[in-house]
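S.K.: Contents are PDB, C-alpha atoms and all ligand atoms; file name run.pdb:
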```
ATOM      1  CA  MET S   1       0.000   0.000   0.000  1.00  0.00           C
ATOM      2  CA  LYS S   2       1.323   3.454  -0.911  1.00  0.00           C
ATOM      3  CA  SER S   3       2.019   5.683   2.071  1.00  0.00           C
ATOM      4  CA  SER S   4      -0.399   8.344   0.795  1.00  0.00           C
ATOM      5  CA  THR S   5      -3.134   5.721   0.678  1.00  0.00           C
ATOM      6  CA  LYS S   6      -2.273   4.720   4.238  1.00  0.00           C
ATOM      7  CA  ILE S   7      -2.605   8.306   5.414  1.00  0.00           C
ATOM      8  CA  ILE S   8      -5.953   8.738   3.699  1.00  0.00           C
ATOM      9  CA  LEU S   9      -7.146   5.476   5.194  1.00  0.00           C
ATOM     10  CA  PHE S  10      -5.966   6.537   8.664  1.00  0.00           C
ATOM     11  CA  ILE S  11      -7.726   9.900   8.417  1.00  0.00           C
ATOM     12  CA  SER S  12     -10.932   8.290   7.146  1.00  0.00           C
ATOM     13  CA  ILE S  13     -11.044   5.748   9.955  1.00  0.00           C
ATOM     14  CA  SER S  14     -10.258   8.389  12.595  1.00  0.00           C
ATOM     15  CA  SER S  15     -12.966  10.686  11.271  1.00  0.00           C
ATOM     16  CA  LEU S  16     -15.443   7.848  11.268  1.00  0.00           C
ATOM     17  CA  LEU S  17     -14.583   6.929  14.863  1.00  0.00           C
ATOM     18  CA  ILE S  18     -14.879  10.556  15.995  1.00  0.00           C
ATOM     19  CA  LEU S  19     -18.259  10.749  14.265  1.00  0.00           C
ATOM     20  CA  ILE S  20     -19.503   7.564  15.924  1.00  0.00           C
ATOM     21  CA  PHE S  21     -18.265   8.459  19.402  1.00  0.00           C
ATOM     22  CA  GLN S  22     -19.005  12.182  19.109  1.00  0.00           C
ATOM     23  CA  LYS S  23     -21.317  12.267  22.117  1.00  0.00           C
ATOM     24  CA  GLN S  24     -18.988  10.291  24.391  1.00  0.00           C
ATOM     25  CA  ILE S  25     -15.930  12.322  23.382  1.00  0.00           C
ATOM     26  CA  LYS S  26     -17.817  15.564  23.971  1.00  0.00           C
ATOM     27  CA  SER S  27     -18.941  14.499  27.428  1.00  0.00           C
ATOM     28  CA  ILE S  28     -15.463  13.279  28.447  1.00  0.00           C
ATOM     29  CA  LEU S  29     -13.903  16.528  27.239  1.00  0.00           C
ATOM     30  CA  LYS S  30     -16.511  18.566  29.062  1.00  0.00           C
ATOM     31  CA  GLU S  31     -15.834  16.711  32.295  1.00  0.00           C
ATOM     32  CA  LYS S  32     -12.061  16.992  31.927  1.00  0.00           C
ATOM     33  CA  LEU S  33     -12.314  20.690  31.268  1.00  0.00           C
ATOM     34  CA  GLY S  34     -14.538  21.190  34.288  1.00  0.00           C
ATOM     35  CA  GLY S  35     -17.651  21.799  32.229  1.00  0.00           C
ATOM     36  CA  TYR S  36     -21.097  20.299  32.526  1.00  0.00           C
ATOM     37  CA  LYS S  37     -21.806  16.729  31.607  1.00  0.00           C
ATOM     38  CA  TRP S  38     -25.609  16.888  31.661  1.00  0.00           C
ATOM     39  CA  PHE S  39     -26.602  20.528  31.671  1.00  0.00           C
ATOM     40  CA  ASP S  40     -27.426  22.502  28.578  1.00  0.00           C
ATOM     41  CA  GLU S  41     -29.531  25.608  28.125  1.00  0.00           C
ATOM     42  CA  SER S  42     -32.198  23.944  26.005  1.00  0.00           C
ATOM     43  CA  LEU S  43     -33.568  21.963  28.948  1.00  0.00           C
ATOM     44  CA  LYS S  44     -37.109  22.681  30.117  1.00  0.00           C
ATOM     45  CA  TRP S  45     -36.195  23.147  33.774  1.00  0.00           C
ATOM     46  CA  TYR S  46     -33.754  25.882  32.779  1.00  0.00           C
ATOM     47  CA  ARG S  47     -36.453  27.702  30.816  1.00  0.00           C
ATOM     48  CA  ASP S  48     -38.664  27.897  33.871  1.00  0.00           C
ATOM     49  CA  GLU S  49     -37.745  31.278  35.362  1.00  0.00           C
ATOM     50  CA  LYS S  50     -38.831  30.478  38.912  1.00  0.00           C
ATOM     51  CA  THR S  51     -36.800  27.265  39.021  1.00  0.00           C
ATOM     52  CA  LYS S  52     -33.785  28.949  37.485  1.00  0.00           C
ATOM     53  CA  THR S  53     -33.922  31.789  40.033  1.00  0.00           C
ATOM     54  CA  ILE S  54     -34.204  29.379  42.960  1.00  0.00           C
ATOM     55  CA  ILE S  55     -31.234  27.332  41.709  1.00  0.00           C
ATOM     56  CA  TYR S  56     -29.044  30.393  41.258  1.00  0.00           C
ATOM     57  CA  ASN S  57     -29.848  31.606  44.770  1.00  0.00           C
ATOM     58  CA  LEU S  58     -28.513  28.436  46.410  1.00  0.00           C
ATOM     59  CA  HIS S  59     -25.090  28.441  48.057  1.00  0.00           C
ATOM     60  CA  PRO S  60     -22.582  29.135  45.235  1.00  0.00           C
ATOM     61  CA  SER S  61     -20.696  25.918  45.986  1.00  0.00           C
ATOM     62  CA  ILE S  62     -23.735  23.707  45.311  1.00  0.00           C
ATOM     63  CA  ILE S  63     -25.264  25.314  42.203  1.00  0.00           C
ATOM     64  CA  TYR S  64     -23.235  23.176  39.798  1.00  0.00           C
ATOM     65  CA  ASP S  65     -24.365  19.926  41.465  1.00  0.00           C
ATOM     66  CA  PHE S  66     -28.034  20.867  41.440  1.00  0.00           C
ATOM     67  CA  LYS S  67     -27.915  21.997  37.801  1.00  0.00           C
ATOM     68  CA  GLU S  68     -26.443  18.628  36.889  1.00  0.00           C
ATOM     69  CA  PHE S  69     -29.077  16.800  38.937  1.00  0.00           C
ATOM     70  CA  LEU S  70     -32.025  18.566  37.279  1.00  0.00           C
ATOM     71  CA  SER S  71     -30.475  18.103  33.854  1.00  0.00           C
ATOM     72  CA  ARG S  72     -29.739  14.429  34.349  1.00  0.00           C
ATOM     73  CA  VAL S  73     -33.273  13.713  35.548  1.00  0.00           C
ATOM     74  CA  GLU S  74     -34.730  15.423  32.483  1.00  0.00           C
ATOM     75  CA  LYS S  75     -32.386  13.664  30.055  1.00  0.00           C
ATOM     76  CA  GLU S  76     -32.438  10.195  31.616  1.00  0.00           C
ATOM     77  CA  ILE S  77     -36.034   9.748  32.751  1.00  0.00           C
ATOM     78  CA  GLY S  78     -37.825  12.571  30.949  1.00  0.00           C
ATOM     79  CA  LEU S  79     -39.143  14.364  34.040  1.00  0.00           C
ATOM     80  CA  GLN S  80     -39.018  18.143  34.297  1.00  0.00           C
ATOM     81  CA  ILE S  81     -38.124  19.242  37.807  1.00  0.00           C
ATOM     82  CA  ILE S  82     -39.639  22.449  39.090  1.00  0.00           C
ATOM     83  CA  ALA S  83     -38.136  24.009  42.194  1.00  0.00           C
ATOM     84  CA  THR S  84     -40.540  25.168  44.884  1.00  0.00           C
ATOM     85  CA  SER S  85     -38.077  26.369  47.528  1.00  0.00           C
ATOM     86  CA  GLY S  86     -34.324  26.762  47.941  1.00  0.00           C
ATOM     87  CA  TYR S  87     -32.406  29.320  49.969  1.00  0.00           C
ATOM     88  CA  ARG S  88     -34.478  30.773  52.815  1.00  0.00           C
ATOM     89  CA  THR S  89     -33.661  33.599  55.180  1.00  0.00           C
ATOM     90  CA  TRP S  90     -33.987  32.950  58.916  1.00  0.00           C
ATOM     91  CA  ALA S  91     -37.070  35.195  58.955  1.00  0.00           C
ATOM     92  CA  GLU S  92     -38.746  33.123  56.240  1.00  0.00           C
ATOM     93  CA  GLN S  93     -37.858  29.966  58.141  1.00  0.00           C
ATOM     94  CA  ALA S  94     -39.318  31.370  61.368  1.00  0.00           C
ATOM     95  CA  ASN S  95     -42.570  32.033  59.514  1.00  0.00           C
ATOM     96  CA  LEU S  96     -42.736  28.485  58.161  1.00  0.00           C
ATOM     97  CA  HIS S  97     -42.078  27.131  61.635  1.00  0.00           C
ATOM     98  CA  LYS S  98     -44.919  29.235  63.000  1.00  0.00           C
ATOM     99  CA  GLN S  99     -47.298  27.799  60.377  1.00  0.00           C
ATOM    100  CA  ASN S 100     -46.243  24.208  60.970  1.00  0.00           C
ATOM    101  CA  LYS S 101     -44.114  23.100  63.919  1.00  0.00           C
ATOM    102  CA  GLN S 102     -42.798  20.184  61.876  1.00  0.00           C
ATOM    103  CA  ASN S 103     -40.838  22.700  59.825  1.00  0.00           C
ATOM    104  CA  ALA S 104     -37.402  23.408  61.317  1.00  0.00           C
ATOM    105  CA  SER S 105     -37.036  26.607  63.318  1.00  0.00           C
ATOM    106  CA  ALA S 106     -34.927  29.542  62.123  1.00  0.00           C
ATOM    107  CA  GLY S 107     -31.284  28.648  61.550  1.00  0.00           C
ATOM    108  CA  ASN S 108     -31.907  24.925  61.878  1.00  0.00           C
ATOM    109  CA  SER S 109     -32.690  24.045  58.278  1.00  0.00           C
ATOM    110  CA  ASP S 110     -30.205  23.410  55.470  1.00  0.00           C
ATOM    111  CA  HIS S 111     -32.402  25.771  53.458  1.00  0.00           C
ATOM    112  CA  ASN S 112     -31.084  28.642  55.619  1.00  0.00           C
ATOM    113  CA  TYR S 113     -27.590  28.102  54.203  1.00  0.00           C
ATOM    114  CA  GLY S 114     -28.595  27.371  50.606  1.00  0.00           C
ATOM    115  CA  PHE S 115     -27.827  23.645  50.675  1.00  0.00           C
ATOM    116  CA  ALA S 116     -31.347  22.237  50.280  1.00  0.00           C
ATOM    117  CA  LEU S 117     -33.823  22.289  47.440  1.00  0.00           C
ATOM    118  CA  ASP S 118     -37.526  21.380  47.427  1.00  0.00           C
ATOM    119  CA  ILE S 119     -38.866  20.101  44.129  1.00  0.00           C
ATOM    120  CA  ASN S 120     -41.872  18.728  42.265  1.00  0.00           C
ATOM    121  CA  ALA S 121     -41.660  16.925  38.926  1.00  0.00           C
ATOM    122  CA  LEU S 122     -43.742  17.156  35.765  1.00  0.00           C
ATOM    123  CA  ASP S 123     -44.225  14.334  33.272  1.00  0.00           C
ATOM    124  CA  LYS S 124     -43.935  14.816  29.493  1.00  0.00           C
ATOM    125  CA  SER S 125     -47.491  16.184  29.249  1.00  0.00           C
ATOM    126  CA  GLY S 126     -46.718  18.776  31.921  1.00  0.00           C
ATOM    127  CA  LYS S 127     -48.724  17.074  34.665  1.00  0.00           C
ATOM    128  CA  ASN S 128     -47.314  17.374  38.183  1.00  0.00           C
ATOM    129  CA  ILE S 129     -46.736  13.769  39.244  1.00  0.00           C
ATOM    130  CA  LEU S 130     -44.326  14.110  42.185  1.00  0.00           C
ATOM    131  CA  MET S 131     -45.169  16.455  45.036  1.00  0.00           C
ATOM    132  CA  LYS S 132     -45.232  16.618  48.823  1.00  0.00           C
ATOM    133  CA  ALA S 133     -48.333  14.426  49.204  1.00  0.00           C
ATOM    134  CA  THR S 134     -47.032  11.791  46.770  1.00  0.00           C
ATOM    135  CA  SER S 135     -46.028   8.510  48.411  1.00  0.00           C
ATOM    136  CA  LYS S 136     -42.405   7.667  49.035  1.00  0.00           C
ATOM    137  CA  GLN S 137     -42.843   4.615  46.834  1.00  0.00           C
ATOM    138  CA  LYS S 138     -43.979   6.665  43.826  1.00  0.00           C
ATOM    139  CA  TRP S 139     -41.034   9.005  44.224  1.00  0.00           C
ATOM    140  CA  GLN S 140     -38.704   6.011  44.249  1.00  0.00           C
ATOM    141  CA  GLU S 141     -40.373   4.272  41.316  1.00  0.00           C
ATOM    142  CA  SER S 142     -39.855   7.362  39.158  1.00  0.00           C
ATOM    143  CA  GLY S 143     -36.084   6.789  39.210  1.00  0.00           C
ATOM    144  CA  LEU S 144     -35.465  10.365  40.363  1.00  0.00           C
ATOM    145  CA  VAL S 145     -34.395   9.405  43.877  1.00  0.00           C
ATOM    146  CA  ASP S 146     -31.838   6.904  42.575  1.00  0.00           C
ATOM    147  CA  ILE S 147     -30.306   9.558  40.349  1.00  0.00           C
ATOM    148  CA  ALA S 148     -30.122  11.976  43.289  1.00  0.00           C
ATOM    149  CA  LYS S 149     -28.441   9.449  45.561  1.00  0.00           C
ATOM    150  CA  ASN S 150     -26.092   8.355  42.812  1.00  0.00           C
ATOM    151  CA  MET S 151     -24.981  11.987  42.618  1.00  0.00           C
ATOM    152  CA  GLY S 152     -24.398  12.184  46.360  1.00  0.00           C
ATOM    153  CA  PHE S 153     -27.589  13.938  47.422  1.00  0.00           C
ATOM    154  CA  LYS S 154     -29.531  13.035  50.530  1.00  0.00           C
ATOM    155  CA  TRP S 155     -33.310  12.715  50.460  1.00  0.00           C
ATOM    156  CA  GLY S 156     -36.030  13.989  52.795  1.00  0.00           C
ATOM    157  CA  GLY S 157     -38.031  10.848  51.959  1.00  0.00           C
ATOM    158  CA  ASP S 158     -35.628   8.984  54.248  1.00  0.00           C
ATOM    159  CA  PHE S 159     -36.515  11.100  57.296  1.00  0.00           C
ATOM    160  CA  GLN S 160     -38.002   8.895  59.996  1.00  0.00           C
ATOM    161  CA  SER S 161     -40.398  11.304  61.639  1.00  0.00           C
ATOM    162  CA  TYR S 162     -41.453  13.569  58.815  1.00  0.00           C
ATOM    163  CA  HIS S 163     -42.695  12.849  55.259  1.00  0.00           C
ATOM    164  CA  ASP S 164     -40.616  15.272  53.182  1.00  0.00           C
ATOM    165  CA  PRO S 165     -40.001  13.644  49.772  1.00  0.00           C
ATOM    166  CA  VAL S 166     -39.666  17.015  48.006  1.00  0.00           C
ATOM    167  CA  HIS S 167     -36.491  17.799  49.960  1.00  0.00           C
ATOM    168  CA  PHE S 168     -33.020  17.089  48.505  1.00  0.00           C
ATOM    169  CA  TYR S 169     -29.783  18.298  50.076  1.00  0.00           C
ATOM    170  CA  LYS S 170     -26.035  18.010  50.466  1.00  0.00           C
ATOM    171  CA  GLN S 171     -24.196  18.960  53.612  1.00  0.00           C
ATOM    172  CA  PRO S 172     -20.616  20.166  53.395  1.00  0.00           C
ATOM    173  CA  LEU S 173     -20.924  20.556  57.199  1.00  0.00           C
ATOM    174  CA  SER S 174     -23.615  19.548  59.664  1.00  0.00           C
ATOM    175  CA  THR S 175     -26.521  21.979  60.075  1.00  0.00           C
ATOM    176  CA  SER S 176     -25.287  22.991  63.540  1.00  0.00           C
ATOM    177  CA  GLU S 177     -21.773  23.655  62.218  1.00  0.00           C
ATOM    178  CA  MET S 178     -23.251  25.830  59.485  1.00  0.00           C
ATOM    179  CA  LYS S 179     -25.336  27.634  62.076  1.00  0.00           C
ATOM    180  CA  ALA S 180     -22.249  28.297  64.206  1.00  0.00           C
ATOM    181  CA  LYS S 181     -20.408  29.797  61.233  1.00  0.00           C
ATOM    182  CA  TYR S 182     -23.383  31.950  60.409  1.00  0.00           C
ATOM    183  CA  LEU S 183     -23.718  33.219  63.965  1.00  0.00           C
ATOM    184  CA  ALA S 184     -19.978  33.925  64.110  1.00  0.00           C
ATOM    185  CA  GLY S 185     -20.410  36.136  61.032  1.00  0.00           C
ATOM    186  CA  ASN S 186     -18.287  33.793  58.930  1.00  0.00           C
ATOM    187  CA  LYS S 187     -20.177  34.581  55.739  1.00  0.00           C
ATOM    188  CA  ASN S 188     -19.759  36.577  52.559  1.00  0.00           C
ATOM    189  CA  ILE S 189     -21.485  39.837  51.651  1.00  0.00           C
ATOM    190  CA  ASN S 190     -24.450  37.950  50.226  1.00  0.00           C
ATOM    191  CA  GLY S 191     -25.013  36.134  53.504  1.00  0.00           C
ATOM    192  CA  TYR S 192     -23.702  32.721  52.401  1.00  0.00           C
ATOM    193  CA  ILE S 193     -21.449  31.011  54.916  1.00  0.00           C
ATOM    194  CA  ASN S 194     -17.765  30.628  54.037  1.00  0.00           C
ATOM    195  CA  LEU S 195     -16.742  27.001  53.722  1.00  0.00           C
ATOM    196  CA  THR S 196     -13.009  27.538  54.103  1.00  0.00           C
TER     197      THR S 196
HETATM  198 ZN    ZN P 201     -36.942  21.313  52.108  1.00  0.00          ZN
END
```
Write the structure described by the file as structure tokens, please.

M.R.:
Amino acid sequence: MKSSTKIILFISISSLLILIFQKQIKSILKEKLGGYKWFDESLKWYRDEKTKTIIYNLHPSIIYDFKEFLSRVEKEIGLQIIATSGYRTWAEQANLHKQNKQNASAGNSDHNYGFALDINALDKSGKNILMKATSKQKWQESGLVDIAKNMGFKWGGDFQSYHDPVHFYKQPLSTSEMKAKYLAGNKNINGYINLT
């Protein structure tokens, strides 16, 4: 075989392989470069202004993880997550506690530090199929909880004393450690606690 033929053959095969594995290569590159694996701006959850606002008001260190979670759920199981609550001030938390004593008191919820998100989920027709009153079993059968846990999130559906399946969270520190930092004024100008 002539060497020019070999080169052409090599280029053709390489191009073909790149074409076939385009998606995989893209996702590996994205990950290596610190980009998103699942998120893209065309997703329905991202086009919902309320959800987007709630996500972007979470603690800056957790926004990436939640964006990936919502995106993965939509791409893998076709459910559109809508956020109902994220970061809450202590005053807002105190109000919720007043309404229902099962809600944590001010400063004692991961929501007060921007590390918890409450969600519902819509099916392809836009019907809300996962909400607070929905059974734990239905939440689990949807596949959403498995995705969350696989990504390192904890789930309010596992609480022993309180049915809170809408609640997903990650804790870089325990709630009381976060509270201590907050009370010590160890937070940035936007009120988010410093983790370092
Ligand atoms: Zn919650």

S.K.: Distance table requested - chain S against ligand ZN 201 (chain P), cut-off 8 Å, all atoms listed in the file: one row per qualifying residue with the closest atom pair and its distance in Å to one decimal, ordered by chain and rising residue number, as JSON lines.

M.R.:
```
{"residue": "S:Ser85", "atom": "CA", "partner": "P:ZN201", "partner_atom": "ZN", "distance": 6.9}
{"residue": "S:Gly86", "atom": "CA", "partner": "P:ZN201", "partner_atom": "ZN", "distance": 7.3}
{"residue": "S:Ser109", "atom": "CA", "partner": "P:ZN201", "partner_atom": "ZN", "distance": 8.0}
{"residue": "S:Asp110", "atom": "CA", "partner": "P:ZN201", "partner_atom": "ZN", "distance": 7.8}
{"residue": "S:His111", "atom": "CA", "partner": "P:ZN201", "partner_atom": "ZN", "distance": 6.5}
{"residue": "S:Ala116", "atom": "CA", "partner": "P:ZN201", "partner_atom": "ZN", "distance": 6.0}
{"residue": "S:Leu117", "atom": "CA", "partner": "P:ZN201", "partner_atom": "ZN", "distance": 5.7}
{"residue": "S:Asp118", "atom": "CA", "partner": "P:ZN201", "partner_atom": "ZN", "distance": 4.7}
{"residue": "S:Gly156", "atom": "CA", "partner": "P:ZN201", "partner_atom": "ZN", "distance": 7.4}
{"residue": "S:Asp164", "atom": "CA", "partner": "P:ZN201", "partner_atom": "ZN", "distance": 7.2}
{"residue": "S:Val166", "atom": "CA", "partner": "P:ZN201", "partner_atom": "ZN", "distance": 6.5}
{"residue": "S:His167", "atom": "CA", "partner": "P:ZN201", "partner_atom": "ZN", "distance": 4.1}
{"residue": "S:Phe168", "atom": "CA", "partner": "P:ZN201", "partner_atom": "ZN", "distance": 6.8}
```

S.K.: With distances taken over all atoms listed in the file, which residue among S:Glu74, S:Asn112, S:Phe66, S:Asn57 lies nearest Leu43 of chain S?

M.R.: S:Glu74

S.K.: Could you pull the residues within 6 Å of segment 119-124 of chain S, counting only C-alpha atoms, minus those fewer than 6 positions along the same chain, as a VMD selection string?

M.R.: chain S and resid 79 to 84 130 to 131 166

S.K.: Dig up all the protein and nucleic acid residues within 12 Å of (-30.6, 6.4, 48.2) in the file frame, using all atoms listed in the file, and format them as a list in words.

M.R.: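 Within 12 Å of (-30.6, 6.4, 48.2), the protein and nucleic acid residues are Lys136, Trp139, Gln140, Gly143, Leu144, Val145, Asp146, Ile147, Ala148, Lys149, Asn150, Met151, Gly152, Phe153, Lys154, Trp155, Gly156, Gly157, Asp158, Phe159, Pro165 and Phe168 of chain S.
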
S.K.: Identify which of the residues S:Met1, S:Asn188, S:Gln22, S:Ser142 lies closest to Pro60 of chain S, counting all atoms listed in the file when measuring atom-to-atom distances.

M.R.: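 Closest residue, counting all atoms listed in the file: S:Asn188.
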